[in-house]
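Dumped entry_34.tsv below, it's TSV, C-alpha atoms:
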chain	number	residue	atom	x	y	z
A	1	MET	CA	0.00	0.00	0.00
A	2	SER	CA	1.47	3.31	-1.04
A	3	LYS	CA	1.62	6.27	1.30
A	4	ASN	CA	-1.09	7.95	-0.75
A	5	GLU	CA	-3.54	5.10	-0.27
A	6	SER	CA	-3.08	5.16	3.51
A	7	LEU	CA	-4.40	8.72	3.66
A	8	ALA	CA	-7.99	9.82	3.94
A	9	ARG	CA	-9.32	11.87	1.03
A	10	PRO	CA	-9.42	15.63	1.55
A	11	ARG	CA	-12.85	17.02	2.42
A	12	PHE	CA	-13.52	20.56	1.28
A	13	GLU	CA	-16.55	22.78	1.65
A	14	GLN	CA	-17.28	26.16	0.06
A	15	ARG	CA	-17.21	28.83	2.77
A	16	VAL	CA	-16.34	32.53	3.10
A	17	PRO	CA	-13.22	32.65	5.31
A	18	ASP	CA	-12.90	35.38	7.99
A	19	GLY	CA	-11.88	38.67	6.41
A	20	ASP	CA	-12.66	37.54	2.88
A	21	ASP	CA	-15.53	38.54	0.61
A	22	ARG	CA	-16.23	35.41	-1.42
A	23	PRO	CA	-16.51	31.64	-0.88
A	24	ARG	CA	-13.30	29.60	-0.96
A	25	ARG	CA	-12.55	25.88	-0.65
A	26	VAL	CA	-11.98	25.22	3.07
A	27	CYS	CA	-10.91	21.86	4.49
A	28	THR	CA	-13.49	20.64	7.01
A	29	ASP	CA	-10.80	18.74	8.92
A	30	CYS	CA	-8.07	21.30	9.43
A	31	GLY	CA	-9.41	24.64	8.18
A	32	PHE	CA	-6.83	24.99	5.39
A	33	VAL	CA	-8.10	27.55	2.87
A	34	ASP	CA	-7.35	26.50	-0.70
A	35	TYR	CA	-7.06	29.91	-2.38
A	36	GLU	CA	-7.45	28.97	-6.01
A	37	ASN	CA	-5.91	31.39	-8.45
A	38	PRO	CA	-6.00	31.68	-12.19
A	39	ARG	CA	-3.11	29.78	-13.73
A	40	VAL	CA	-0.60	31.26	-16.12
A	41	VAL	CA	0.39	29.45	-19.30
A	42	VAL	CA	3.54	30.68	-21.03
A	43	GLY	CA	4.45	29.72	-24.58
A	44	SER	CA	5.77	30.89	-27.90
A	45	VAL	CA	5.19	30.95	-31.61
A	46	VAL	CA	8.71	29.87	-32.56
A	47	SER	CA	9.98	30.45	-36.07
A	48	TRP	CA	12.99	29.51	-38.13
A	49	GLN	CA	13.17	31.64	-41.27
A	50	ASP	CA	9.65	31.47	-42.76
A	51	GLN	CA	8.58	28.33	-40.88
A	52	ILE	CA	6.83	27.76	-37.55
A	53	LEU	CA	7.61	25.05	-35.00
A	54	LEU	CA	4.65	22.90	-33.96
A	55	CYS	CA	4.56	19.92	-31.58
A	56	ARG	CA	2.19	16.95	-31.68
A	57	ARG	CA	0.92	16.31	-28.15
A	58	ALA	CA	1.84	13.03	-26.45
A	59	ILE	CA	-0.49	13.70	-23.52
A	60	GLU	CA	-4.15	14.40	-22.86
A	61	PRO	CA	-6.05	16.57	-23.38
A	62	ARG	CA	-5.94	16.56	-27.17
A	63	ARG	CA	-3.28	13.87	-27.54
A	64	GLY	CA	-2.19	13.62	-31.18
A	65	PHE	CA	-3.10	17.21	-32.02
A	66	TRP	CA	-0.65	20.00	-32.80
A	67	THR	CA	0.25	22.78	-30.42
A	68	LEU	CA	2.83	25.43	-29.58
A	69	PRO	CA	5.57	24.80	-27.01
A	70	ALA	CA	3.75	26.09	-23.92
A	71	GLY	CA	2.88	25.09	-20.38
A	72	TYR	CA	2.24	26.28	-16.85
A	73	LEU	CA	4.47	28.93	-15.36
A	74	GLU	CA	6.21	27.61	-12.25
A	75	LEU	CA	6.79	29.37	-8.94
A	76	HIS	CA	9.68	31.85	-8.81
A	77	GLU	CA	9.96	32.03	-12.58
A	78	SER	CA	9.66	35.02	-14.87
A	79	ALA	CA	7.26	34.80	-17.80
A	80	ALA	CA	10.09	34.81	-20.37
A	81	ASP	CA	12.09	32.20	-18.41
A	82	GLY	CA	9.00	29.99	-18.33
A	83	ALA	CA	8.50	30.26	-22.09
A	84	ARG	CA	12.15	29.36	-22.69
A	85	ARG	CA	11.89	26.39	-20.29
A	86	GLU	CA	8.78	25.06	-22.03
A	87	ALA	CA	10.46	25.35	-25.46
A	88	TRP	CA	13.29	23.25	-24.08
A	89	GLU	CA	11.09	20.70	-22.25
A	90	GLU	CA	8.68	20.08	-25.11
A	91	ALA	CA	10.82	20.72	-28.18
A	92	ARG	CA	14.45	20.62	-26.99
A	93	ALA	CA	14.62	24.01	-28.67
A	94	GLN	CA	16.65	27.04	-27.66
A	95	ILE	CA	14.76	30.18	-28.43
A	96	GLU	CA	15.33	33.91	-28.49
A	97	ILE	CA	12.24	35.84	-27.41
A	98	ASP	CA	11.34	38.86	-29.50
A	99	GLN	CA	8.23	40.36	-27.85
A	100	LEU	CA	4.90	39.46	-26.32
A	101	LEU	CA	2.56	38.43	-29.13
A	102	ALA	CA	-0.66	37.97	-27.17
A	103	VAL	CA	-2.39	37.71	-23.81
A	104	TYR	CA	-5.36	35.36	-23.95
A	105	SER	CA	-7.90	34.83	-21.17
A	106	ILE	CA	-9.78	31.53	-20.95
A	107	PRO	CA	-12.20	32.37	-18.12
A	108	ARG	CA	-14.00	29.00	-17.93
A	109	ILE	CA	-10.80	27.26	-16.89
A	110	SER	CA	-9.30	30.38	-15.24
A	111	GLN	CA	-6.28	30.48	-17.49
A	112	ILE	CA	-4.18	33.43	-18.63
A	113	GLN	CA	-1.92	32.67	-21.58
A	114	LEU	CA	1.14	34.78	-22.29
A	115	ILE	CA	2.34	33.92	-25.81
A	116	PHE	CA	5.62	35.32	-27.11
A	117	ARG	CA	6.99	35.73	-30.63
A	118	ALA	CA	10.33	33.92	-30.67
A	119	ARG	CA	13.00	32.50	-32.98
A	120	LEU	CA	15.06	29.34	-32.86
A	121	THR	CA	18.71	30.16	-32.25
A	122	ALA	CA	19.58	27.22	-34.56
A	123	PRO	CA	17.43	24.80	-36.64
A	124	GLU	CA	17.73	22.13	-33.97
A	125	PHE	CA	14.91	20.51	-32.04
A	126	ALA	CA	13.71	17.13	-30.77
A	127	ALA	CA	10.63	15.71	-29.07
A	128	GLY	CA	10.54	16.04	-25.28
A	129	PRO	CA	8.52	13.57	-23.15
A	130	GLU	CA	5.18	15.33	-23.75
A	131	THR	CA	5.67	15.48	-27.54
A	132	LEU	CA	5.07	12.68	-30.09
A	133	GLU	CA	6.79	14.47	-32.96
A	134	LEU	CA	7.50	18.02	-34.04
A	135	ASP	CA	8.42	19.91	-37.16
A	136	LEU	CA	8.80	23.27	-38.87
A	137	PHE	CA	5.83	24.18	-41.07
A	138	ARG	CA	5.40	26.72	-43.84
A	139	TRP	CA	2.17	28.70	-43.36
A	140	GLN	CA	0.30	26.82	-46.10
A	141	ASP	CA	1.42	23.45	-44.68
A	142	ILE	CA	0.18	23.98	-41.11
A	143	PRO	CA	-2.18	21.09	-40.17
A	144	TRP	CA	-5.13	23.40	-39.57
A	145	GLN	CA	-7.57	20.52	-39.12
A	146	GLU	CA	-5.50	19.01	-36.32
A	147	ILE	CA	-4.76	21.99	-34.08
A	148	ALA	CA	-5.11	21.17	-30.36
A	149	PHE	CA	-6.78	24.30	-28.94
A	150	PRO	CA	-8.60	27.42	-30.19
A	151	SER	CA	-5.90	29.63	-28.66
A	152	VAL	CA	-3.25	27.94	-30.84
A	153	ASN	CA	-5.27	29.00	-33.87
A	154	TRP	CA	-5.51	32.54	-32.49
A	155	ALA	CA	-1.76	32.74	-31.85
A	156	LEU	CA	-0.90	31.52	-35.34
A	157	GLY	CA	-3.32	34.05	-36.86
A	158	HIS	CA	-1.96	36.87	-34.73
A	159	TYR	CA	1.60	35.86	-35.59
A	160	GLU	CA	0.78	36.15	-39.27
A	161	GLU	CA	-1.02	39.46	-38.71
A	162	VAL	CA	2.07	41.13	-37.17
A	163	ARG	CA	4.67	39.33	-39.27
A	164	ASP	CA	6.02	42.55	-40.81
A	165	LEU	CA	5.79	44.67	-37.64
A	166	ALA	CA	8.86	45.30	-35.50
A	167	ALA	CA	6.74	46.50	-32.54
A	168	PHE	CA	3.02	46.11	-31.93
A	169	ALA	CA	0.39	45.98	-29.23
A	170	PRO	CA	-0.10	42.40	-28.04
A	171	ARG	CA	-3.27	40.76	-29.22
A	172	ALA	CA	-6.11	39.48	-27.03
A	173	ASN	CA	-8.92	36.94	-27.61
A	174	PRO	CA	-10.73	37.48	-30.91
A	175	PRO	CA	-13.98	39.39	-30.19
A	176	GLY	CA	-16.55	37.22	-28.45
A	177	GLU	CA	-14.30	34.16	-28.25
A	178	THR	CA	-13.66	32.53	-24.88
A	179	GLY	CA	-11.31	29.74	-25.89
A	180	ASP	CA	-13.80	26.94	-25.39
A	181	PHE	CA	-14.40	24.40	-28.10
A	182	PRO	CA	-17.61	25.02	-30.07
A	183	GLY	CA	-20.44	22.96	-28.65
A	184	ARG	CA	-18.77	22.17	-25.34
B	185	MET	CA	-15.41	29.41	19.87
B	186	SER	CA	-15.55	29.99	16.13
B	187	LYS	CA	-15.64	27.16	13.66
B	188	ASN	CA	-12.09	28.00	12.66
B	189	GLU	CA	-10.74	27.62	16.17
B	190	SER	CA	-12.32	24.21	16.54
B	191	LEU	CA	-10.22	22.88	13.67
B	192	ALA	CA	-6.73	21.44	13.82
B	193	ARG	CA	-4.09	23.34	11.89
B	194	PRO	CA	-3.15	21.98	8.48
B	195	ARG	CA	0.07	19.96	8.38
B	196	PHE	CA	1.98	20.02	5.12
B	197	GLU	CA	5.19	18.38	4.02
B	198	GLN	CA	7.23	18.90	0.86
B	199	ARG	CA	6.99	15.76	-1.29
B	200	VAL	CA	7.04	14.84	-5.00
B	201	PRO	CA	3.52	13.57	-5.80
B	202	ASP	CA	3.08	10.53	-8.07
B	203	GLY	CA	3.49	11.54	-11.70
B	204	ASP	CA	5.04	14.88	-10.89
B	205	ASP	CA	8.63	16.03	-11.25
B	206	ARG	CA	9.11	18.47	-8.37
B	207	PRO	CA	8.24	18.74	-4.67
B	208	ARG	CA	4.81	20.13	-3.77
B	209	ARG	CA	3.07	20.87	-0.48
B	210	VAL	CA	1.21	17.69	0.49
B	211	CYS	CA	-1.08	17.41	3.53
B	212	THR	CA	0.16	14.66	5.86
B	213	ASP	CA	-3.40	13.99	7.05
B	214	CYS	CA	-5.39	13.64	3.85
B	215	GLY	CA	-2.92	13.71	0.95
B	216	PHE	CA	-4.28	16.90	-0.56
B	217	VAL	CA	-1.67	18.36	-2.94
B	218	ASP	CA	-1.50	22.14	-2.69
B	219	TYR	CA	-0.33	23.00	-6.21
B	220	GLU	CA	0.93	26.52	-5.72
B	221	ASN	CA	0.92	28.64	-8.83
B	222	PRO	CA	2.26	32.07	-9.60
B	223	ARG	CA	-0.38	34.69	-8.96
B	224	VAL	CA	-1.56	37.24	-11.48
B	225	VAL	CA	-1.92	40.90	-10.54
B	226	VAL	CA	-3.94	43.06	-12.92
B	227	GLY	CA	-3.93	46.84	-12.81
B	228	SER	CA	-3.80	50.04	-14.81
B	229	VAL	CA	-2.09	53.35	-15.20
B	230	VAL	CA	-5.29	55.39	-15.43
B	231	SER	CA	-5.20	58.89	-16.86
B	232	TRP	CA	-7.55	61.81	-17.21
B	233	GLN	CA	-6.22	64.33	-19.72
B	234	ASP	CA	-2.58	64.87	-18.67
B	235	GLN	CA	-2.98	63.53	-15.13
B	236	ILE	CA	-2.55	60.08	-13.57
B	237	LEU	CA	-4.76	58.50	-10.91
B	238	LEU	CA	-2.93	57.27	-7.81
B	239	CYS	CA	-4.35	55.68	-4.65
B	240	ARG	CA	-2.89	55.84	-1.13
B	241	ARG	CA	-3.01	52.35	0.38
B	242	ALA	CA	-5.23	51.74	3.41
B	243	ILE	CA	-3.83	48.22	3.92
B	244	GLU	CA	-0.52	46.54	4.50
B	245	PRO	CA	1.95	46.01	2.98
B	246	ARG	CA	3.04	49.61	2.43
B	247	ARG	CA	0.03	51.24	4.08
B	248	GLY	CA	0.09	55.00	3.45
B	249	PHE	CA	2.11	54.74	0.22
B	250	TRP	CA	0.84	55.48	-3.28
B	251	THR	CA	-0.03	52.82	-5.83
B	252	LEU	CA	-1.99	52.10	-9.00
B	253	PRO	CA	-5.47	50.54	-8.89
B	254	ALA	CA	-4.42	46.88	-9.08
B	255	GLY	CA	-4.99	43.55	-7.38
B	256	TYR	CA	-5.20	39.79	-7.79
B	257	LEU	CA	-7.02	38.36	-10.76
B	258	GLU	CA	-9.93	36.20	-9.61
B	259	LEU	CA	-11.05	32.83	-10.98
B	260	HIS	CA	-13.10	32.89	-14.18
B	261	GLU	CA	-12.12	36.47	-14.98
B	262	SER	CA	-10.37	37.84	-18.04
B	263	ALA	CA	-7.31	40.04	-17.50
B	264	ALA	CA	-9.09	43.17	-18.75
B	265	ASP	CA	-12.20	42.44	-16.65
B	266	GLY	CA	-9.99	42.08	-13.59
B	267	ALA	CA	-8.27	45.42	-14.23
B	268	ARG	CA	-11.66	47.12	-14.60
B	269	ARG	CA	-12.93	45.48	-11.40
B	270	GLU	CA	-9.87	46.63	-9.43
B	271	ALA	CA	-10.27	50.21	-10.71
B	272	TRP	CA	-13.83	50.10	-9.41
B	273	GLU	CA	-13.04	48.42	-6.09
B	274	GLU	CA	-10.10	50.63	-5.15
B	275	ALA	CA	-10.94	53.91	-6.85
B	276	ARG	CA	-14.66	53.75	-7.71
B	277	ALA	CA	-13.43	54.60	-11.20
B	278	GLN	CA	-14.83	53.48	-14.53
B	279	ILE	CA	-12.05	53.00	-17.02
B	280	GLU	CA	-11.58	52.34	-20.70
B	281	ILE	CA	-8.61	50.10	-21.41
B	282	ASP	CA	-6.35	51.13	-24.25
B	283	GLN	CA	-3.64	48.46	-24.46
B	284	LEU	CA	-1.30	46.36	-22.35
B	285	LEU	CA	1.46	48.64	-21.05
B	286	ALA	CA	3.68	46.08	-19.34
B	287	VAL	CA	4.14	42.53	-18.07
B	288	TYR	CA	6.31	42.44	-14.97
B	289	SER	CA	7.62	39.30	-13.27
B	290	ILE	CA	8.41	39.37	-9.55
B	291	PRO	CA	9.95	35.89	-9.17
B	292	ARG	CA	10.68	36.04	-5.42
B	293	ILE	CA	6.99	36.26	-4.63
B	294	SER	CA	5.89	34.39	-7.80
B	295	GLN	CA	3.85	37.25	-9.15
B	296	ILE	CA	3.06	38.19	-12.75
B	297	GLN	CA	1.72	41.71	-13.16
B	298	LEU	CA	-0.32	42.70	-16.22
B	299	ILE	CA	-0.52	46.50	-16.28
B	300	PHE	CA	-2.76	48.23	-18.80
B	301	ARG	CA	-2.83	51.79	-20.11
B	302	ALA	CA	-6.34	53.11	-19.46
B	303	ARG	CA	-8.40	56.28	-19.28
B	304	LEU	CA	-11.16	57.43	-16.95
B	305	THR	CA	-14.46	57.61	-18.78
B	306	ALA	CA	-15.29	60.67	-16.60
B	307	PRO	CA	-13.29	62.61	-13.96
B	308	GLU	CA	-15.10	60.79	-11.16
B	309	PHE	CA	-13.52	58.63	-8.48
B	310	ALA	CA	-13.69	57.91	-4.76
B	311	ALA	CA	-11.76	55.84	-2.23
B	312	GLY	CA	-12.77	52.18	-1.96
B	313	PRO	CA	-12.24	50.23	1.29
B	314	GLU	CA	-8.54	49.53	0.58
B	315	THR	CA	-7.75	53.19	-0.24
B	316	LEU	CA	-7.12	56.06	2.21
B	317	GLU	CA	-7.34	58.80	-0.41
B	318	LEU	CA	-6.75	59.17	-4.13
B	319	ASP	CA	-6.14	61.92	-6.63
B	320	LEU	CA	-5.10	62.85	-10.15
B	321	PHE	CA	-1.45	63.94	-10.41
B	322	ARG	CA	0.45	65.86	-13.03
B	323	TRP	CA	3.78	64.13	-13.83
B	324	GLN	CA	5.85	66.66	-11.86
B	325	ASP	CA	3.52	66.38	-8.86
B	326	ILE	CA	3.69	62.58	-8.45
B	327	PRO	CA	4.81	61.76	-4.86
B	328	TRP	CA	7.92	59.89	-6.04
B	329	GLN	CA	9.27	59.51	-2.50
B	330	GLU	CA	6.12	57.75	-1.33
B	331	ILE	CA	5.50	55.16	-4.05
B	332	ALA	CA	4.45	51.77	-2.64
B	333	PHE	CA	6.33	49.28	-4.86
B	334	PRO	CA	9.17	49.27	-7.40
B	335	SER	CA	6.78	48.03	-10.11
B	336	VAL	CA	4.62	51.14	-9.64
B	337	ASN	CA	7.68	53.23	-10.44
B	338	TRP	CA	8.37	51.07	-13.51
B	339	ALA	CA	4.80	51.38	-14.76
B	340	LEU	CA	4.79	55.16	-14.38
B	341	GLY	CA	8.12	55.41	-16.22
B	342	HIS	CA	6.94	53.10	-18.99
B	343	TYR	CA	3.68	55.04	-19.28
B	344	GLU	CA	5.66	58.23	-19.82
B	345	GLU	CA	7.97	56.47	-22.30
B	346	VAL	CA	5.10	55.46	-24.60
B	347	ARG	CA	2.91	58.51	-23.99
B	348	ASP	CA	2.96	59.55	-27.67
B	349	LEU	CA	2.73	56.04	-29.16
B	350	ALA	CA	-0.58	54.66	-30.38
B	351	ALA	CA	0.75	51.07	-30.42
B	352	PHE	CA	3.86	49.65	-28.81
B	353	ALA	CA	5.39	46.46	-27.48
B	354	PRO	CA	4.56	46.03	-23.79
B	355	ARG	CA	7.42	46.71	-21.45
B	356	ALA	CA	9.00	44.21	-19.04
B	357	ASN	CA	11.10	44.61	-15.87
B	358	PRO	CA	13.92	47.11	-16.28
B	359	PRO	CA	17.16	45.16	-16.96
B	360	GLY	CA	18.41	43.36	-13.87
B	361	GLU	CA	15.51	44.46	-11.67
B	362	THR	CA	13.44	41.83	-9.86
B	363	GLY	CA	10.89	44.03	-8.13
B	364	ASP	CA	12.29	43.55	-4.64
B	365	PHE	CA	13.04	46.51	-2.47
B	366	PRO	CA	16.75	47.40	-2.36
B	367	GLY	CA	18.37	45.79	0.64
B	368	ARG	CA	15.59	43.30	1.34

Output the file's structure as C-alpha cells, nothing else.
Amino acid sequence: MSKNESLARPRFEQRVPDGDDRPRRVCTDCGFVDYENPRVVVGSVVSWQDQILLCRRAIEPRRGFWTLPAGYLELHESAADGARREAWEEARAQIEIDQLLAVYSIPRISQIQLIFRARLTAPEFAAGPETLELDLFRWQDIPWQEIAFPSVNWALGHYEEVRDLAAFAPRANPPGETGDFPGR
Amino acid sequence: MSKNESLARPRFEQRVPDGDDRPRRVCTDCGFVDYENPRVVVGSVVSWQDQILLCRRAIEPRRGFWTLPAGYLELHESAADGARREAWEEARAQIEIDQLLAVYSIPRISQIQLIFRARLTAPEFAAGPETLELDLFRWQDIPWQEIAFPSVNWALGHYEEVRDLAAFAPRANPPGETGDFPGR
C-alpha cells in the first residue's frame, strides 16, 4: 500500500473565510483555505526563417493534435524564463524571445496565456517527453484541421497578422471568443 | 469558539507527488496536494487628460504609500475584466482600457503583473475600502518619494515612455531588476 492510499481523502466545503468577501474551498478537517488562483500558461510561436515550430501532443487533453511549445508557469519564474523552459522541455529548442505576441484569457478554466513571438537560435529541435513528434511548417502546410486548442489558432493568426511589424500591441482573444471548443 | 478555532491546523510536508517532477506541499493527514501557482496581478495606469490616478493604500503592505489601482485576478475572470474590477473596487473609477502597457515578473513572490494603459471615462472617483485617499497627479507632482512598490515606479516610467505612441510592445522589468526593495 502506497503512502497515498493510507491517507484519507481531503474534504472541502465552500465557505467565506474570515476577512474575505467570497466563498473559498476550506478543508473541514483542518481549516486549510485553498485559495485557487488563475493559472498562467507561457508559450511561444517559434519560427525559423519562414517556418513555424509545432509539436504533436503526447499527452491528454488533445493527444495527437498539434500545439505550440507552452505550459504552466512555475513558482519563482519570470514569464520569459518559463516560455524558454517550455520550449526546451517540449521541443528541446533554444529560443530567443522577440516580444509578447498575445495575452489570452480563458475564463472558464481560469487560465491566462502569455504567448511570445520567438525564434530558434539554430534549426535544432527534438521531441521532449510530452511530444510525439514536431516539425517546422510553412504557413500553407500547417495542419489546420489538427490543431489542439482554439488559442493555438488565435496565436498563429496573430503571428501572421504582425509578421512585418517590429513592434506592436499584443493581441487578445478574438472578439466574443472565450477559448472553449464550439459545442462544449 | 468559532468554527475556525475548533479545527486542527493543516500539516503540510514537501513531497514529490506521483506523476510529478518536483516537490509540492502535500497534507500529511489527507494527501491533498497544494499546487501553488504564480499569482496574477492586474492593474492600470489610469489617466484623465494629462494627469494620472494614484491611490494611497489603506492596507498593508506599504500602508500610506501610493499605488496604482491593481490587485489579484480572480477565478473565471479575463485580465481586462480584472483590471476594470480593481479600478472600481479601489478607486470607484470606470475605465476604458487602451492596451497592455507592461508585463512584470516578480519571481521572489511568484507574481506576474499585467498592467494596462487606461483612461477614466469621466473625472469621477472615490476611495474604496482599501484606499485612504486618491487623486489625479500631473507628472511633476507625483509623490515619487512615497511610491508603494518598485513596479509602480516602472509602470509610471513606462507610461511616460510610450505617452505619444498609439501602439507599442509592452514593457518588461527594467534590466536586472526583480521588483524587490533594495536591501531586502

Considering only C-alpha atoms, give me a table of residues in chain A that are at most 9 Å from chain B, with the closest atom pair and distance in Å for each, as a Markdown table.
| residue | atom | partner | partner_atom | distance |
| --- | --- | --- | --- | --- |
| A:Lys3 | CA | B:Gly215 | CA | 8.7 |
| A:Asn4 | CA | B:Gly215 | CA | 6.3 |
| A:Glu5 | CA | B:Gly215 | CA | 8.7 |
| A:Ser6 | CA | B:Cys214 | CA | 8.8 |
| A:Leu7 | CA | B:Cys214 | CA | 5.0 |
| A:Ala8 | CA | B:Cys214 | CA | 4.6 |
| A:Arg9 | CA | B:Cys214 | CA | 5.2 |
| A:Pro10 | CA | B:Cys214 | CA | 5.0 |
| A:Arg11 | CA | B:Cys214 | CA | 8.3 |
| A:Pro17 | CA | B:Asn188 | CA | 8.8 |
| A:Asp18 | CA | B:Asn188 | CA | 8.8 |
| A:Cys27 | CA | B:Pro194 | CA | 8.7 |
| A:Thr28 | CA | B:Leu191 | CA | 7.8 |
| A:Asp29 | CA | B:Leu191 | CA | 6.3 |
| A:Cys30 | CA | B:Ala192 | CA | 4.6 |
| A:Gly31 | CA | B:Leu191 | CA | 5.8 |
| A:Phe32 | CA | B:Pro194 | CA | 5.7 |
| A:Asp34 | CA | B:Asp218 | CA | 7.6 |
| A:Glu36 | CA | B:Leu259 | CA | 7.2 |
| A:Asn37 | CA | B:Leu259 | CA | 5.9 |
| A:Pro38 | CA | B:Leu259 | CA | 5.3 |
| A:Arg39 | CA | B:Asn221 | CA | 6.4 |
| A:Val40 | CA | B:Pro222 | CA | 7.2 |
| A:Tyr72 | CA | B:Asn221 | CA | 8.5 |
| A:Leu73 | CA | B:Pro222 | CA | 6.9 |
| A:Glu74 | CA | B:Asn221 | CA | 6.4 |
| A:Leu75 | CA | B:Ser294 | CA | 5.2 |
| A:His76 | CA | B:Pro291 | CA | 4.1 |
| A:Glu77 | CA | B:Pro291 | CA | 5.2 |
| A:Ser78 | CA | B:Ser289 | CA | 5.0 |
| A:Ala79 | CA | B:Ser289 | CA | 6.4 |
| A:Ala80 | CA | B:Ser289 | CA | 8.8 |
| A:Gln99 | CA | B:Ala353 | CA | 6.7 |
| A:Leu100 | CA | B:Pro354 | CA | 7.0 |
| A:Leu101 | CA | B:Ala353 | CA | 8.7 |
| A:Val103 | CA | B:Ala263 | CA | 8.3 |
| A:Tyr104 | CA | B:Ser262 | CA | 8.1 |
| A:Ser105 | CA | B:Ser262 | CA | 5.0 |
| A:Ile106 | CA | B:Ser262 | CA | 7.0 |
| A:Pro107 | CA | B:His260 | CA | 4.1 |
| A:Arg108 | CA | B:His260 | CA | 5.5 |
| A:Ile109 | CA | B:His260 | CA | 6.7 |
| A:Ser110 | CA | B:His260 | CA | 4.7 |
| A:Gln111 | CA | B:His260 | CA | 8.0 |
| A:Ile112 | CA | B:Ala263 | CA | 7.4 |
| A:Ala166 | CA | B:Ala353 | CA | 8.8 |
| A:Ala167 | CA | B:Ala353 | CA | 5.2 |
| A:Phe168 | CA | B:Phe352 | CA | 4.8 |
| A:Ala169 | CA | B:Phe352 | CA | 5.1 |
| A:Pro170 | CA | B:Ala353 | CA | 6.9 |

For this session: Might you pull out every residue within 12 Å of Pro327 in chain B, with all atoms listed in the file counted and same-chain residues fewer than 6 positions away left off, and present them as a PyMOL selection string?
Result: chain B and resi 236-240+248-251+318-321+336-337+340

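Nearest to Gly43 in chain A of all the residues A:Ala155, A:Ala58, A:Leu120, A:Ala127 is A:Ala155, counting all atoms listed in the file.
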
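The spacing separating CA of Arg85 in chain A from CA of Val42 in chain A amounts to 9.4 Å.
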
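Counting from CA of Arg347 in chain B, the distance to CA of Ser231 in chain B is 10.8 Å.
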
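Interatomic distance, CA of Ile279 in chain B to CA of Val41 in chain A: 26.7 Å.
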
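Between Ser228 in chain B and the candidates B:Glu314, B:Glu308, B:Glu361, B:Glu270, the tightest atom-to-atom separation, counting only C-alpha atoms, involves B:Glu270.
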
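Applying the 8 Å criterion to (-16.1, 24.7, -0.1) in file coordinates and using all atoms listed in the file, one obtains the residues A:Phe12, A:Glu13, A:Gln14, A:Arg15, A:Pro23, A:Arg24, A:Arg25, A:Val26, A:Cys27.
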
Give me a file of those residues, with C-alpha atoms, as a PDB file, in the coordinates of the input.
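What ended up in selection_36.pdb:
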ATOM      1  CA  PHE A  12     -13.520  20.560   1.280  1.00  0.00           C
ATOM      2  CA  GLU A  13     -16.550  22.780   1.650  1.00  0.00           C
ATOM      3  CA  GLN A  14     -17.280  26.160   0.060  1.00  0.00           C
ATOM      4  CA  ARG A  15     -17.210  28.830   2.770  1.00  0.00           C
ATOM      5  CA  PRO A  23     -16.510  31.640  -0.880  1.00  0.00           C
ATOM      6  CA  ARG A  24     -13.300  29.600  -0.960  1.00  0.00           C
ATOM      7  CA  ARG A  25     -12.550  25.880  -0.650  1.00  0.00           C
ATOM      8  CA  VAL A  26     -11.980  25.220   3.070  1.00  0.00           C
ATOM      9  CA  CYS A  27     -10.910  21.860   4.490  1.00  0.00           C
TER      10      CYS A  27
END

Seminar exercise, completed: Closest of A:Thr121, A:Gln140, A:Gln51, A:Thr131 to Glu90 in chain A, counting only C-alpha atoms, is A:Thr131

Test item: axis-aligned box, all listed atoms of range 49-60 of chain A, 3 Å on each side, centre and edges in Å rounded to one decimal, as AutoDock Vina command-line options:
--center_x 4.5 --center_y 22.3 --center_z -32.8 --size_x 23.3 --size_y 24.6 --size_z 25.9
